[in-house]
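Enquirer: Below you'll find protein.cif; it's mmCIF, C-alpha atoms.
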data_final
#
loop_
_atom_site.label_atom_id
_atom_site.label_comp_id
_atom_site.auth_asym_id
_atom_site.auth_seq_id
_atom_site.Cartn_x
_atom_site.Cartn_y
_atom_site.Cartn_z
CA MET A 279 0.00 0.00 0.00
CA GLY A 280 3.01 2.32 -0.25
CA HIS A 281 3.77 4.77 2.56
CA MET A 282 1.07 4.89 5.20
CA HIS A 283 0.83 6.95 8.35
CA ASP A 284 0.04 4.84 11.43
CA ALA A 285 -2.93 7.13 12.12
CA GLU A 286 -4.62 5.78 8.99
CA TYR A 287 -5.30 2.51 10.80
CA SER A 288 -7.91 4.52 12.74
CA ASN A 289 -9.82 5.54 9.61
CA PHE A 290 -12.84 3.24 9.30
CA ASP A 291 -15.28 3.54 6.44
CA SER A 292 -18.87 2.64 7.16
CA GLY A 293 -19.56 -1.05 6.68
CA SER A 294 -21.40 -4.03 8.10
CA ARG A 295 -20.58 -4.98 11.69
CA ALA A 296 -18.80 -8.05 10.37
CA GLU A 297 -16.64 -6.03 7.97
CA VAL A 298 -15.72 -3.31 10.43
CA LEU A 299 -14.98 -5.70 13.30
CA GLN A 300 -12.94 -8.00 11.06
CA MET A 301 -10.93 -4.92 10.03
CA VAL A 302 -10.18 -4.22 13.72
CA ASN A 303 -8.87 -7.77 14.07
CA ASP A 304 -6.76 -7.52 10.90
CA SER A 305 -5.32 -4.13 11.88
CA TYR A 306 -4.50 -5.29 15.40
CA SER A 307 -2.69 -8.33 14.02
CA ALA A 308 -0.68 -6.15 11.64
CA LEU A 309 0.29 -3.71 14.39
CA ALA A 310 1.22 -6.40 16.93
CA ASP A 311 3.10 -8.54 14.41
CA HIS A 312 6.54 -7.55 15.66
CA GLN A 313 5.65 -5.98 18.98
CA ASP A 314 4.92 -7.74 22.30
CA ASN A 315 4.80 -4.69 24.61
CA TRP A 316 1.33 -4.89 26.17
CA VAL A 317 1.00 -1.18 26.88
CA ALA A 318 1.80 -0.14 23.30
CA ASN A 319 -0.38 -2.88 21.81
CA LEU A 320 -3.40 -2.21 24.04
CA ALA A 321 -3.12 1.56 23.58
CA ASN A 322 -3.31 1.14 19.80
CA CYS A 323 -6.04 -1.50 20.17
CA SER A 324 -8.16 0.96 22.19
CA SER A 325 -7.80 3.48 19.37
CA LEU A 326 -8.83 0.92 16.74
CA LEU A 327 -11.97 -0.08 18.67
CA TRP A 328 -12.90 3.52 19.50
CA HIS A 329 -12.79 4.60 15.86
CA ALA A 330 -14.36 1.38 14.55
CA TYR A 331 -17.44 1.70 16.77
CA ASN A 332 -17.85 5.47 16.72
CA GLU A 333 -17.02 6.08 13.07
CA GLY A 334 -17.29 2.78 11.20
CA LEU A 335 -20.43 1.55 12.98
CA LYS A 336 -21.83 4.87 14.31
CA VAL A 337 -22.27 3.24 17.73
CA PRO A 338 -21.68 5.93 20.41
CA VAL A 339 -18.99 4.22 22.48
CA ASN A 340 -18.04 6.61 25.30
CA TRP A 341 -15.30 4.49 26.84
CA CYS A 342 -13.16 1.77 25.38
CA GLY A 343 -10.06 0.23 26.86
CA PHE A 344 -8.47 -2.23 29.21
CA TYR A 345 -8.11 -3.19 32.83
CA VAL A 346 -5.34 -5.59 33.77
CA VAL A 347 -4.66 -7.67 36.87
CA ASP A 348 -2.91 -5.31 39.31
CA PRO A 349 0.71 -6.48 39.60
CA LYS A 350 0.68 -5.32 43.23
CA ASN A 351 -2.63 -6.97 44.22
CA ASP A 352 -4.11 -9.83 42.24
CA ASP A 353 -7.50 -9.38 43.94
CA GLN A 354 -8.09 -6.33 41.77
CA LEU A 355 -7.94 -4.99 38.25
CA ILE A 356 -6.08 -1.76 37.51
CA LEU A 357 -6.70 0.70 34.72
CA GLY A 358 -4.78 0.17 31.49
CA PRO A 359 -4.72 2.12 28.20
CA PHE A 360 -8.10 3.48 27.04
CA MET A 361 -9.94 6.15 25.04
CA GLY A 362 -12.61 8.26 26.74
CA LYS A 363 -13.18 10.12 29.96
CA VAL A 364 -11.20 9.60 33.15
CA ALA A 365 -11.93 6.16 34.60
CA CYS A 366 -11.98 4.28 37.89
CA GLN A 367 -8.40 3.28 38.71
CA THR A 368 -9.06 -0.07 40.37
CA ILE A 369 -11.90 -2.61 40.35
CA LYS A 370 -12.17 -5.47 42.81
CA ILE A 371 -12.32 -8.83 41.00
CA GLY A 372 -15.91 -10.03 41.39
CA ASN A 373 -17.43 -6.52 41.46
CA GLY A 374 -19.41 -4.95 38.64
CA VAL A 375 -19.33 -6.01 35.00
CA CYS A 376 -15.52 -5.95 34.65
CA GLY A 377 -15.00 -7.76 37.93
CA THR A 378 -17.57 -10.40 36.98
CA ALA A 379 -15.93 -11.07 33.60
CA ALA A 380 -12.60 -11.33 35.41
CA ASN A 381 -13.96 -13.67 38.08
CA THR A 382 -15.91 -15.99 35.77
CA LYS A 383 -13.61 -15.68 32.72
CA VAL A 384 -16.83 -15.40 30.68
CA ILE A 385 -17.67 -12.52 28.34
CA GLN A 386 -20.34 -10.19 29.81
CA ARG A 387 -22.67 -8.46 27.35
CA VAL A 388 -24.97 -6.12 29.26
CA PRO A 389 -27.64 -4.41 27.12
CA ASP A 390 -28.84 -2.29 30.10
CA VAL A 391 -26.34 -1.63 32.87
CA THR A 392 -29.06 -0.52 35.31
CA LYS A 393 -30.19 -4.16 35.41
CA PHE A 394 -26.75 -5.57 36.25
CA PRO A 395 -26.46 -6.26 40.00
CA GLY A 396 -23.62 -4.23 41.54
CA HIS A 397 -22.83 -2.30 38.37
CA ILE A 398 -19.97 0.18 38.97
CA ALA A 399 -20.63 3.51 37.25
CA CYS A 400 -17.35 5.22 36.34
CA ASP A 401 -19.51 7.36 34.03
CA GLY A 402 -23.18 7.91 34.84
CA ASP A 403 -23.97 8.34 31.14
CA THR A 404 -23.14 4.73 30.25
CA LYS A 405 -26.18 2.69 29.19
CA SER A 406 -24.72 -0.62 27.96
CA GLU A 407 -21.42 -2.43 28.30
CA ILE A 408 -19.42 -5.41 27.08
CA VAL A 409 -16.43 -6.93 28.86
CA VAL A 410 -14.21 -9.63 27.37
CA PRO A 411 -11.70 -11.52 29.54
CA ILE A 412 -8.12 -11.87 28.28
CA ILE A 413 -6.75 -15.29 29.19
CA GLN A 414 -3.17 -16.44 28.59
CA ASP A 415 -2.27 -20.06 29.39
CA ASN A 416 -5.47 -20.35 31.45
CA VAL A 417 -4.50 -17.34 33.56
CA LEU A 418 -6.54 -14.13 33.58
CA LYS A 419 -4.40 -11.17 32.43
CA GLY A 420 -7.05 -8.48 32.10
CA VAL A 421 -10.28 -7.49 30.40
CA LEU A 422 -11.32 -5.49 27.36
CA ASP A 423 -14.12 -3.12 28.41
CA MET A 424 -16.41 -0.97 26.25
CA ASP A 425 -19.24 1.33 27.32
CA CYS A 426 -21.97 2.80 25.13
CA LEU A 427 -24.28 5.79 25.54
CA GLU A 428 -27.21 3.75 24.19
CA ASN A 429 -28.90 0.60 25.42
CA ASN A 430 -27.90 -2.56 23.54
CA GLY A 431 -24.80 -0.93 22.03
CA PHE A 432 -23.09 -4.30 21.63
CA HIS A 433 -24.72 -7.14 19.73
CA GLN A 434 -24.55 -10.91 19.97
CA GLU A 435 -22.76 -10.78 16.61
CA ASP A 436 -19.90 -8.72 18.11
CA ILE A 437 -18.90 -11.47 20.52
CA ARG A 438 -16.94 -13.68 18.14
CA TYR A 439 -14.93 -10.74 16.77
CA LEU A 440 -14.12 -9.46 20.26
CA GLU A 441 -13.22 -12.96 21.47
CA ASN A 442 -10.92 -13.36 18.45
CA LEU A 443 -9.37 -10.02 19.32
CA SER A 444 -8.90 -11.06 22.94
CA ASP A 445 -7.20 -14.27 21.73
CA SER A 446 -4.89 -12.23 19.47
CA ILE A 447 -4.02 -9.99 22.40
CA ALA A 448 -3.23 -13.00 24.59
CA ARG A 449 -1.00 -14.45 21.85
CA SER A 450 0.82 -11.21 21.04
CA CYS A 451 1.38 -9.48 24.38
CA GLN A 452 3.87 -10.08 27.12
CA PHE A 453 2.11 -8.94 30.30
CA MET B 223 -18.22 17.42 46.70
CA GLY B 224 -20.35 14.37 47.54
CA HIS B 225 -20.44 11.40 45.18
CA MET B 226 -18.64 12.04 41.93
CA HIS B 227 -18.13 9.77 38.94
CA ASP B 228 -14.49 9.55 37.87
CA ALA B 229 -15.57 10.57 34.36
CA GLU B 230 -16.46 14.01 35.68
CA TYR B 231 -12.77 14.83 35.99
CA SER B 232 -12.85 15.03 32.17
CA ASN B 233 -15.52 17.75 32.12
CA PHE B 234 -13.78 21.08 31.54
CA ASP B 235 -15.71 24.32 31.39
CA SER B 236 -14.32 27.01 29.13
CA GLY B 237 -11.80 29.21 30.88
CA SER B 238 -8.48 30.99 30.47
CA ARG B 239 -5.49 28.83 29.53
CA ALA B 240 -4.13 29.36 33.03
CA GLU B 241 -7.36 28.21 34.70
CA VAL B 242 -7.88 25.16 32.50
CA LEU B 243 -4.27 24.00 32.66
CA GLN B 244 -4.11 24.52 36.43
CA MET B 245 -7.25 22.35 36.68
CA VAL B 246 -5.44 19.58 34.76
CA ASN B 247 -2.61 19.75 37.30
CA ASP B 248 -4.99 19.74 40.27
CA SER B 249 -7.02 16.83 38.88
CA TYR B 250 -3.92 14.80 38.09
CA SER B 251 -2.63 15.31 41.62
CA ALA B 252 -5.95 14.21 43.09
CA LEU B 253 -6.09 11.09 40.92
CA ALA B 254 -2.47 10.08 41.54
CA ASP B 255 -2.61 10.80 45.26
CA HIS B 256 -2.77 7.14 46.30
CA GLN B 257 -1.74 5.47 43.05
CA ASP B 258 1.77 4.95 41.68
CA ASN B 259 0.97 2.66 38.73
CA TRP B 260 2.37 4.54 35.73
CA VAL B 261 0.04 3.00 33.16
CA ALA B 262 -3.12 3.87 35.10
CA ASN B 263 -1.86 7.37 35.96
CA LEU B 264 -0.73 8.23 32.42
CA ALA B 265 -3.91 6.82 30.86
CA ASN B 266 -6.03 9.12 33.03
CA CYS B 267 -3.60 12.01 32.45
CA SER B 268 -4.02 11.60 28.67
CA SER B 269 -7.77 11.86 29.13
CA LEU B 270 -7.46 14.99 31.27
CA LEU B 271 -5.25 16.74 28.70
CA TRP B 272 -7.39 15.63 25.74
CA HIS B 273 -10.57 17.05 27.24
CA ALA B 274 -8.87 20.18 28.65
CA TYR B 275 -7.46 21.21 25.26
CA ASN B 276 -10.34 20.11 23.02
CA GLU B 277 -13.23 21.17 25.26
CA GLY B 278 -11.91 23.64 27.86
CA LEU B 279 -9.60 25.54 25.48
CA LYS B 280 -11.17 24.63 22.09
CA VAL B 281 -7.69 23.79 20.79
CA PRO B 282 -8.03 20.89 18.29
CA VAL B 283 -5.57 18.42 19.77
CA ASN B 284 -5.63 15.30 17.59
CA TRP B 285 -3.21 13.21 19.64
CA CYS B 286 -2.23 13.40 23.26
CA GLY B 287 -0.31 10.85 25.27
CA PHE B 288 2.99 9.37 26.30
CA TYR B 289 6.03 7.56 25.04
CA VAL B 290 8.27 5.86 27.60
CA VAL B 291 11.81 4.51 27.42
CA ASP B 292 11.49 0.99 25.99
CA PRO B 293 12.33 -1.46 28.79
CA LYS B 294 13.79 -3.79 26.14
CA ASN B 295 15.91 -1.17 24.32
CA ASP B 296 16.89 2.09 25.96
CA ASP B 297 17.88 3.60 22.59
CA GLN B 298 14.20 4.01 21.80
CA LEU B 299 10.88 5.24 23.13
CA ILE B 300 7.83 2.98 23.03
CA LEU B 301 4.20 3.98 22.87
CA GLY B 302 2.38 4.45 26.18
CA PRO B 303 -1.23 5.38 26.99
CA PHE B 304 -2.80 8.02 24.73
CA MET B 305 -5.98 9.47 23.23
CA GLY B 306 -6.30 9.79 19.45
CA LYS B 307 -5.60 7.81 16.32
CA VAL B 308 -3.27 4.81 16.13
CA ALA B 309 0.33 5.93 16.68
CA CYS B 310 3.89 4.94 15.83
CA GLN B 311 4.94 2.19 18.21
CA THR B 312 8.60 3.10 18.64
CA ILE B 313 10.71 6.24 18.16
CA LYS B 314 14.50 6.24 18.13
CA ILE B 315 15.88 8.60 20.80
CA GLY B 316 17.29 11.58 18.90
CA ASN B 317 14.78 11.35 16.03
CA GLY B 318 11.89 13.73 15.47
CA VAL B 319 10.32 16.01 18.08
CA CYS B 320 9.79 13.27 20.70
CA GLY B 321 13.25 11.84 20.18
CA THR B 322 14.82 15.30 20.44
CA ALA B 323 13.02 16.09 23.72
CA ALA B 324 14.18 12.71 25.02
CA ASN B 325 17.75 13.22 23.89
CA THR B 326 18.17 16.81 25.12
CA LYS B 327 15.80 16.55 28.14
CA VAL B 328 14.49 19.96 27.02
CA ILE B 329 10.84 20.73 26.24
CA GLN B 330 10.20 21.09 22.47
CA ARG B 331 7.45 23.49 21.41
CA VAL B 332 7.07 23.33 17.63
CA PRO B 333 4.55 25.84 16.17
CA ASP B 334 4.97 24.37 12.65
CA VAL B 335 6.10 20.75 12.38
CA THR B 336 7.02 21.11 8.71
CA LYS B 337 9.92 23.31 9.84
CA PHE B 338 11.30 20.80 12.35
CA PRO B 339 14.24 18.87 10.83
CA GLY B 340 13.50 15.13 10.73
CA HIS B 341 9.92 15.45 11.98
CA ILE B 342 8.24 12.00 12.21
CA ALA B 343 4.64 12.14 10.97
CA CYS B 344 2.54 9.47 12.71
CA ASP B 345 -0.44 11.51 11.44
CA GLY B 346 -0.08 13.67 8.33
CA ASP B 347 -2.77 16.06 9.62
CA THR B 348 -0.66 17.28 12.56
CA LYS B 349 0.42 20.93 12.24
CA SER B 350 2.03 21.74 15.60
CA GLU B 351 3.40 19.74 18.52
CA ILE B 352 4.74 20.02 22.04
CA VAL B 353 6.85 17.39 23.81
CA VAL B 354 7.80 17.53 27.49
CA PRO B 355 10.45 15.20 28.92
CA ILE B 356 9.66 13.27 32.12
CA ILE B 357 12.75 13.07 34.32
CA GLN B 358 13.00 11.09 37.56
CA ASP B 359 16.20 11.39 39.62
CA ASN B 360 17.97 12.86 36.56
CA VAL B 361 17.00 9.84 34.44
CA LEU B 362 14.70 10.15 31.42
CA LYS B 363 11.58 7.99 31.87
CA GLY B 364 9.49 9.15 28.93
CA VAL B 365 7.85 12.12 27.23
CA LEU B 366 4.44 13.75 27.18
CA ASP B 367 3.50 14.41 23.55
CA MET B 368 0.64 16.47 22.12
CA ASP B 369 -0.22 17.18 18.48
CA CYS B 370 -2.59 19.82 17.14
CA LEU B 371 -4.43 20.21 13.84
CA GLU B 372 -3.57 23.94 13.76
CA ASN B 373 -0.27 25.78 13.65
CA ASN B 374 0.84 27.23 17.00
CA GLY B 375 -1.57 25.05 18.98
CA PHE B 376 0.62 25.24 22.08
CA HIS B 377 1.65 28.57 23.58
CA GLN B 378 4.64 29.75 25.54
CA GLU B 379 2.25 30.13 28.49
CA ASP B 380 1.47 26.37 28.43
CA ILE B 381 5.06 25.41 29.19
CA ARG B 382 5.06 26.01 32.94
CA TYR B 383 1.81 24.09 33.44
CA LEU B 384 3.04 21.15 31.37
CA GLU B 385 6.40 21.15 33.13
CA ASN B 386 4.61 21.15 36.50
CA LEU B 387 2.53 18.23 35.27
CA SER B 388 5.63 16.38 34.14
CA ASP B 389 7.18 16.94 37.58
CA SER B 390 4.01 15.60 39.25
CA ILE B 391 4.15 12.54 37.03
CA ALA B 392 7.80 11.94 37.91
CA ARG B 393 6.98 12.24 41.63
CA SER B 394 3.88 10.04 41.55
CA CYS B 395 4.69 7.19 39.16
CA GLN B 396 6.74 4.09 39.59
CA PHE B 397 8.05 3.32 36.08
#
Now that the file is in, can you turn its structure into C-alpha cells?

Expert:
Amino acid sequence: MGHMHDAEYSNFDSGSRAEVLQMVNDSYSALADHQDNWVANLANCSSLLWHAYNEGLKVPVNWCGFYVVDPKNDDQLILGPFMGKVACQTIKIGNGVCGTAANTKVIQRVPDVTKFPGHIACDGDTKSEIVVPIIQDNVLKGVLDMDCLENNGFHQEDIRYLENLSDSIARSCQF
Amino acid sequence: MGHMHDAEYSNFDSGSRAEVLQMVNDSYSALADHQDNWVANLANCSSLLWHAYNEGLKVPVNWCGFYVVDPKNDDQLILGPFMGKVACQTIKIGNGVCGTAANTKVIQRVPDVTKFPGHIACDGDTKSEIVVPIIQDNVLKGVLDMDCLENNGFHQEDIRYLENLSDSIARSCQF
C-alpha cells in the first residue's frame, strides 16, 4: 500500500458490523506482528476499537479500553490504556461487569447496565457495556471493556470478533 | 463534593489557559494521590489533557499521550497510553520532536512541524506539537507528547503548566 501513516489505521469507512470488526482484528494483528509490549499494543487497540465503533459503525462508544490484573494486588484490576473520559483506577475482582468477567472468565454483554447487580458507574452516562476476559495459558491477564451511551450498544454478533481479538491480544502481548 | 463519577474529571468548562491547565494539574494530583501505577496514571492524564485542550480551550488536539523509554531497548521510546488515532509504536531517541526532547531533556514546542528537521509524521494532519520530557532522579523515563491540527496550537504560556505536570508525574509514578 506504499507509505502509510500509522494514524490511517484509525480511519474506518462505514460497513457491516462483520466487515468493520474483522478490520479491527486484521489491523490489530498487523500492528502487533513484531511488537509484544502490552501497553503499546493495548493503547493502539483501544484506538482501533474507538474509531471502529464510533465512526465505522456509528455506535456511540463513550469508553473503550483495558483493565489488567494489578501487579501489586491480584485481587483487583487496575486501569490500562483506554480512550474516553477519566476512569476508575481499580476494580475489585468479582465486582461490577468488569470484575464479573474477570472472576468468571466469561464474556459479559450487558444491554442495560441498570439491570446488572452491583454495576460500577465510572460514568453515569453509560447505558450498555461489554467486557471480554483476556486469558493467557489459562491465567486471567485483564479485560477489554467498552461502554456505550445507548442501550444494547453491543450485539450478539460482536462477541466472536471481540473474542478473536482477545485471543490475538493473549498471543501477542507479554504482560 | 459528595459522590462524583471519575468521568467528571474530564468535564472542563471554558476558561483561560491558566485556569484550565491549572485544573489539569490539580485533577492529576488528586487522581495520583494514592496510586503509583504509571500506566493507570498516564492513561487518566491523557484523558485529562485531551478534554482540557479540546473542550476547555477549544484547541483541536488530535493526539495526546505518552512515550516511555522501551524497557527492552533504551535507545528508543515505546508507545504508552494516549488518546487519538493509532500511533507509531517506537521512536528512536534523537529522532523527530519526541526523540529530540528525550535526547536533550528539554521541552520542544514546535509551532509548525514542517519546519522541524527530521519530523516524524505518525499523522499527516498534525500541524504543531509540544513534547515535554519526564525526568525522575535525573533519568529520562518518557515524554508527554501532544499534536494539534492547527499551527501554533501550544503557547509559551502552556510550558510552565506542562512542566509542572511532568514533575508531578515523575513524583507520583513508579516506572

Enquirer: Expanded to explicit residues, what is the PyMOL selection byres ((chain A) within 9 of (chain B)) for this file, as a ChimeraX atom specification?

Expert: /A:282-289,309,313,315,317-326,329,345,348,356-368,399-402

Enquirer: Quick one: residues within 8 Å of Ala240 (chain B), only C-alpha atoms counted, chain neighbours fewer than 6 positions away excluded, as a ChimeraX atom specification?

Expert: /B:379-380,383

Enquirer: Specify as a list of chain:residue names each residue included when the PyMOL selection byres ((chain A and resi 423) around 8) is applied to this file.

Expert: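 That expression, the PyMOL selection byres ((chain A and resi 423) around 8), corresponds here to A:Trp341, A:Cys342, A:Gly343, A:Phe344, A:Tyr345, A:Cys376, A:Glu407, A:Ile408, A:Val409, A:Val410, A:Val421, A:Leu422, A:Met424, A:Asp425.
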
Enquirer: Can you work out the spacing between CA of Gln298 (chain B) and CA of Ile315 (chain B) in Å, to one decimal?

Expert: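 These two atoms are separated by 5.0 Å.
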
Enquirer: Which polymer residues have any atom within 10 Å of an atom of His256 (chain B), counting all atoms listed in the file, with same-chain residues fewer than 4 positions away left out, as a PyMOL selection string?

Expert: chain B and resi 251-252+394

Enquirer: Starting from the shown file, work through the PyMOL selection byres ((chain B and resi 377) around 12) and note down what comes out as a PyMOL selection string.

Expert: chain B and resi 239-240+243+275+279+281+330-333+350-352+370+373-376+378-384

Enquirer: Just the residues within 9 Å of Gly340 (chain B), please, counting only C-alpha atoms, with nothing from its chain fewer than 6 positions along; format it as a count of residues only.

Expert: 3

Enquirer: So how far away is CA of Leu387 (chain B) from CA of Met245 (chain B), in Å?

Expert: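 Between CA of Met245 (chain B) and CA of Leu387 (chain B) the gap works out to 10.7 Å.
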
Enquirer: Can you measure CA of Asp311 (chain A) to CA of Asn284 (chain B) for me? One decimal in Å is fine.

Expert: 25.6 Å

Enquirer: With distances taken over all atoms listed in the file, which residue among A:Ser305, A:Thr382, A:Ser292, A:Gln300 lies nearest Leu418 (chain A)?

Expert: A:Thr382

Enquirer: So which one's closest to Ala324 (chain B), B:Asp296, B:Asp235, B:Glu385, B:Asp248? Using all atoms listed in the file, please.

Expert: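 Nearest to Ala324 (chain B): B:Asp296.
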
Enquirer: Pick from B:Ala392, B:Ile356, B:Val361, B:Leu299: nearest to Ile313 (chain B), with only C-alpha atoms counted?

Expert: B:Leu299
